[in-house]
Structure formats: C-alpha cells, structure tokens
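Trainee: For reference, the structure I am asking about is given below.
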Amino acid sequence: MISSEALLPPELQPYQLRISPEKLHDLLFYAMLYVGEGATTASECAVLGTHAIYVNTLKLGYLAEEDERYHLVSDFSGRICTNKTVLAEVKKLLQNPDIKKEGKRKSAILVHDKIDVTAFMVRFIEHYPEHVIS
C-alpha cells in the first residue's frame, strides 16, 4: 500500500492507500513492515511493534535509539541509499517468519524503558514547587 500526498503515476494508483486518517495507527499496528520517508511514522511503528525502514536524507536523533538499541527501525538517513540497498533490507526483514512476534517483544522493551510522561507531569504539578527546589 502506498500513502502519498502527491498524485501517484497511473501504474501505482491501484496500490494507493484509501483509509481515513484516524485508522492509520491500526494499519501500522497490523502491518508487516513500513518503508517510507516519514520519521514520525517510522517511530510510531517502532512503538506499535512494527519494523520500519526510514529512507530520507534528514537524520533525526530520536530514530537512532530505535535503530541502534531496539532494532525496530532501519535508518538509511546516514547511508548511501539505493533502491537495491533498501530492497535488500526489505527482503531480509520479511524473510523472518517471526518478524511480528519479535517486533512486539522489542516494542514492549522500548515502552518499558520509557517513563509515563502524564504521571510525571501530574506528580510535578501536584508537588510544585518543592519538587523543583529539593
């Protein structure tokens, strides 16, 4: 499936994604793999347990951890990137019959390693200013 803000050439139009925007995360959750230039979408895939291949010249630091530590995002932003190298990564990932299971396991570790920002903010506000001073 292809998501594009630009008009696709006729030969690719049958593959154009036609879902409402609020269902995108459902699609990403159940997808086998995401390949694209959207860093936010690649990061969201990692949290959802779906492996992602990020292909863009823009290097973003928050993707580095998801690539290097959790191995959920293959970040091609700092590499010489060709169709051949990206397709080789796609094939490598999709040859793994346990890709979804491994993605969910890695995602659980990623989420466990993070803090609950809402709980942090509530604690911070409820205990202000002594939280800041002590």
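Simple scheme: letters A, B, ... for chains in structure tokens order, numbers from 1 for residues in each chain, numbers from 1 for ligands in the order shown.
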Within 12 Å of Arg69 in chain A, counting only C-alpha atoms, which residues qualify if same-chain residues fewer than 3 places away don't, as a PyMOL selection string?

Mentor: chain A and resi 46+62-66+72-74+106-107+109-110+113

Trainee: Kindly save the residues from that selection, with C-alpha atoms included, as an mmCIF file, in the first residue's frame.

Mentor:
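part10.cif, freshly written:
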data_model
loop_
_atom_site.group_PDB
_atom_site.id
_atom_site.type_symbol
_atom_site.label_atom_id
_atom_site.label_comp_id
_atom_site.auth_asym_id
_atom_site.auth_seq_id
_atom_site.Cartn_x
_atom_site.Cartn_y
_atom_site.Cartn_z
ATOM 1 C CA ALA A 46 8.512 1.063 16.477
ATOM 2 C CA TYR A 62 15.161 10.026 18.086
ATOM 3 C CA LEU A 63 15.243 7.346 15.393
ATOM 4 C CA ALA A 64 18.832 6.422 16.242
ATOM 5 C CA GLU A 65 17.811 4.779 19.529
ATOM 6 C CA GLU A 66 15.013 2.829 17.874
ATOM 7 C CA LEU A 72 12.948 -1.693 15.186
ATOM 8 C CA VAL A 73 13.888 0.999 12.659
ATOM 9 C CA SER A 74 16.407 0.537 9.869
ATOM 10 C CA LYS A 106 11.097 -5.349 21.141
ATOM 11 C CA SER A 107 8.293 -2.794 21.402
ATOM 12 C CA ILE A 109 11.003 -3.452 25.969
ATOM 13 C CA LEU A 110 11.080 0.011 24.357
ATOM 14 C CA ASP A 113 12.252 1.607 29.247
#

Trainee: What is the distance, in Å and to one decimal place, between CA of Leu27 in chain A and CA of His112 in chain A?

Mentor: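 Computing the Euclidean distance for CA of Leu27 in chain A and CA of His112 in chain A yields 23.0 Å.
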
Trainee: Report as a list in words: the residues of chain A with a DSSP assignment of strand (DSSP E), based on the backbone of this structure.

Mentor: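 Put together, the selection reads Tyr34, Val35, Gly36, Ala52, Ile53, Tyr54, Val73, Ser74 and Asp75 of chain A.
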
Trainee: Just want the 10 Å neighbourhood of Thr57 in chain A, counted on only C-alpha atoms, with same-chain residues fewer than 2 positions away dropped. Output as a ChimeraX atom specification.

Mentor: /A:37,54-55,59-60,76-81

Trainee: Could those selected residues go to a file with N, CA, C and O atoms, as an mmCIF file, in the first residue's frame?

Mentor:
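Now in again.cif:
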data_model
loop_
_atom_site.group_PDB
_atom_site.id
_atom_site.type_symbol
_atom_site.label_atom_id
_atom_site.label_comp_id
_atom_site.auth_asym_id
_atom_site.auth_seq_id
_atom_site.Cartn_x
_atom_site.Cartn_y
_atom_site.Cartn_z
ATOM 1 N N GLU A 37 9.545 7.719 4.053
ATOM 2 C CA GLU A 37 10.374 8.867 4.410
ATOM 3 C C GLU A 37 9.854 9.610 5.632
ATOM 4 O O GLU A 37 10.436 10.589 6.055
ATOM 5 N N TYR A 54 13.371 3.559 7.387
ATOM 6 C CA TYR A 54 13.293 5.009 7.211
ATOM 7 C C TYR A 54 14.277 5.410 6.121
ATOM 8 O O TYR A 54 15.487 5.198 6.250
ATOM 9 N N VAL A 55 13.739 5.974 5.032
ATOM 10 C CA VAL A 55 14.554 6.367 3.888
ATOM 11 C C VAL A 55 14.356 7.859 3.667
ATOM 12 O O VAL A 55 13.321 8.290 3.155
ATOM 13 N N LYS A 59 18.393 13.280 8.926
ATOM 14 C CA LYS A 59 18.760 12.390 10.039
ATOM 15 C C LYS A 59 18.153 12.943 11.325
ATOM 16 O O LYS A 59 18.365 14.094 11.668
ATOM 17 N N LEU A 60 17.389 12.122 12.023
ATOM 18 C CA LEU A 60 16.738 12.546 13.253
ATOM 19 C C LEU A 60 17.213 11.687 14.415
ATOM 20 O O LEU A 60 17.175 10.463 14.353
ATOM 21 N N PHE A 76 18.140 4.601 7.149
ATOM 22 C CA PHE A 76 19.001 4.783 5.991
ATOM 23 C C PHE A 76 19.404 6.246 5.791
ATOM 24 O O PHE A 76 19.983 6.593 4.778
ATOM 25 N N SER A 77 19.103 7.111 6.745
ATOM 26 C CA SER A 77 19.348 8.536 6.538
ATOM 27 C C SER A 77 20.823 8.893 6.482
ATOM 28 O O SER A 77 21.196 9.849 5.832
ATOM 29 N N GLY A 78 21.684 8.152 7.136
ATOM 30 C CA GLY A 78 23.108 8.479 7.124
ATOM 31 C C GLY A 78 23.908 7.623 6.165
ATOM 32 O O GLY A 78 25.129 7.633 6.182
ATOM 33 N N ARG A 79 23.238 6.865 5.327
ATOM 34 C CA ARG A 79 23.923 5.933 4.428
ATOM 35 C C ARG A 79 23.692 6.298 2.969
ATOM 36 O O ARG A 79 22.726 6.971 2.639
ATOM 37 N N ILE A 80 24.561 5.795 2.135
ATOM 38 C CA ILE A 80 24.314 5.886 0.700
ATOM 39 C C ILE A 80 23.186 4.902 0.417
ATOM 40 O O ILE A 80 23.286 3.716 0.716
ATOM 41 N N CYS A 81 22.130 5.425 -0.112
ATOM 42 C CA CYS A 81 20.905 4.647 -0.231
ATOM 43 C C CYS A 81 20.525 4.496 -1.702
ATOM 44 O O CYS A 81 20.422 5.484 -2.422
#

Trainee: Report, in Å with one decimal, the straight-line distance from CA of Arg105 in chain A to CA of Val90 in chain A.

Mentor: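 So the answer is 19.8 Å.
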
Trainee: Output as JSON, numbers by chain all residues of range 17-132 of chain A that backbone DSSP marks as helix (DSSP H, G or I).

Mentor: {"A": [21, 22, 23, 24, 25, 26, 27, 28, 29, 30, 39, 40, 41, 42, 43, 44, 45, 46, 47, 48, 61, 62, 63, 64, 65, 66, 67, 68, 83, 84, 85, 86, 87, 88, 89, 90, 91, 92, 93, 94, 99, 100, 101, 102, 103, 104, 105, 106, 107, 108, 109, 110, 111, 112, 117, 118, 119, 120, 121, 122, 123, 124, 125, 126, 130, 131, 132]}

Trainee: Taking only C-alpha atoms into account, which of A:Asp98, A:Lys104, A:Ser3, A:His127 comes nearest Ser20 in chain A?

Mentor: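 Selected residue with least distance to Ser20 in chain A: A:Ser3.
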
Trainee: Which value, in Å to one decimal, gives the distance between CA of Val111 in chain A and CA of Asp26 in chain A?

Mentor: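 We find that CA of Val111 in chain A and CA of Asp26 in chain A lie 17.9 Å from each other.
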
Trainee: List as a CSV table (one decimal) with N, CA, C and O atoms, in the first residue's frame the protein and nucleic acid residues near Ile99 in chain A, meaning an atom at most 10 Å away when only C-alpha atoms are counted, but skip any in the same chain fewer than 5 places from it.

Mentor:
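Full text of around33.csv as output:
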chain,number,residue,atom,x,y,z
A,32,MET,N,3.1,-5.7,8.3
A,32,MET,CA,4.3,-6.5,8.5
A,32,MET,C,5.6,-5.6,8.5
A,32,MET,O,6.5,-5.9,9.2
A,33,LEU,N,5.5,-4.5,7.8
A,33,LEU,CA,6.7,-3.6,7.6
A,33,LEU,C,6.2,-2.3,7.1
A,33,LEU,O,5.3,-2.2,6.3
A,49,GLY,N,5.3,-1.9,17.5
A,49,GLY,CA,5.9,-3.2,17.3
A,49,GLY,C,6.0,-3.6,15.9
A,49,GLY,O,6.2,-4.8,15.6
A,50,THR,N,5.9,-2.7,15.0
A,50,THR,CA,6.1,-3.0,13.5
A,50,THR,C,7.4,-2.4,13.1
A,50,THR,O,7.7,-1.2,13.3
A,51,HIS,N,8.2,-3.3,12.5
A,51,HIS,CA,9.5,-2.8,12.0
A,51,HIS,C,9.3,-1.8,10.9
A,51,HIS,O,8.4,-1.8,10.2
A,93,LEU,N,14.3,-8.5,6.2
A,93,LEU,CA,13.3,-8.4,7.3
A,93,LEU,C,12.1,-9.3,7.1
A,93,LEU,O,11.6,-10.0,8.0
A,94,LEU,N,11.6,-9.3,5.8
A,94,LEU,CA,10.4,-10.1,5.5
A,94,LEU,C,10.7,-11.6,5.4
A,94,LEU,O,9.8,-12.4,5.5
A,104,LYS,N,6.8,-7.1,18.4
A,104,LYS,CA,6.0,-6.9,19.6
A,104,LYS,C,6.9,-7.0,20.9
A,104,LYS,O,6.8,-6.2,21.8
A,105,ARG,N,7.8,-8.0,20.9
A,105,ARG,CA,8.7,-8.2,22.0
A,105,ARG,C,9.6,-7.0,22.2
A,105,ARG,O,9.8,-6.4,23.3

Trainee: Closest to Val35 in chain A among A:Pro129, A:Tyr70, A:Lys23, A:Val86, using only C-alpha atoms?

Mentor: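 Residue with the minimum atom-to-atom distance to Val35 in chain A: A:Val86.
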
Trainee: Go through A:Gly36, A:Glu130, A:Ala6, A:Leu48 and flag the residue nearest Lys101 in chain A, using only C-alpha atoms for the distances.

Mentor: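 Closest to Lys101 in chain A of all the choices is A:Leu48.
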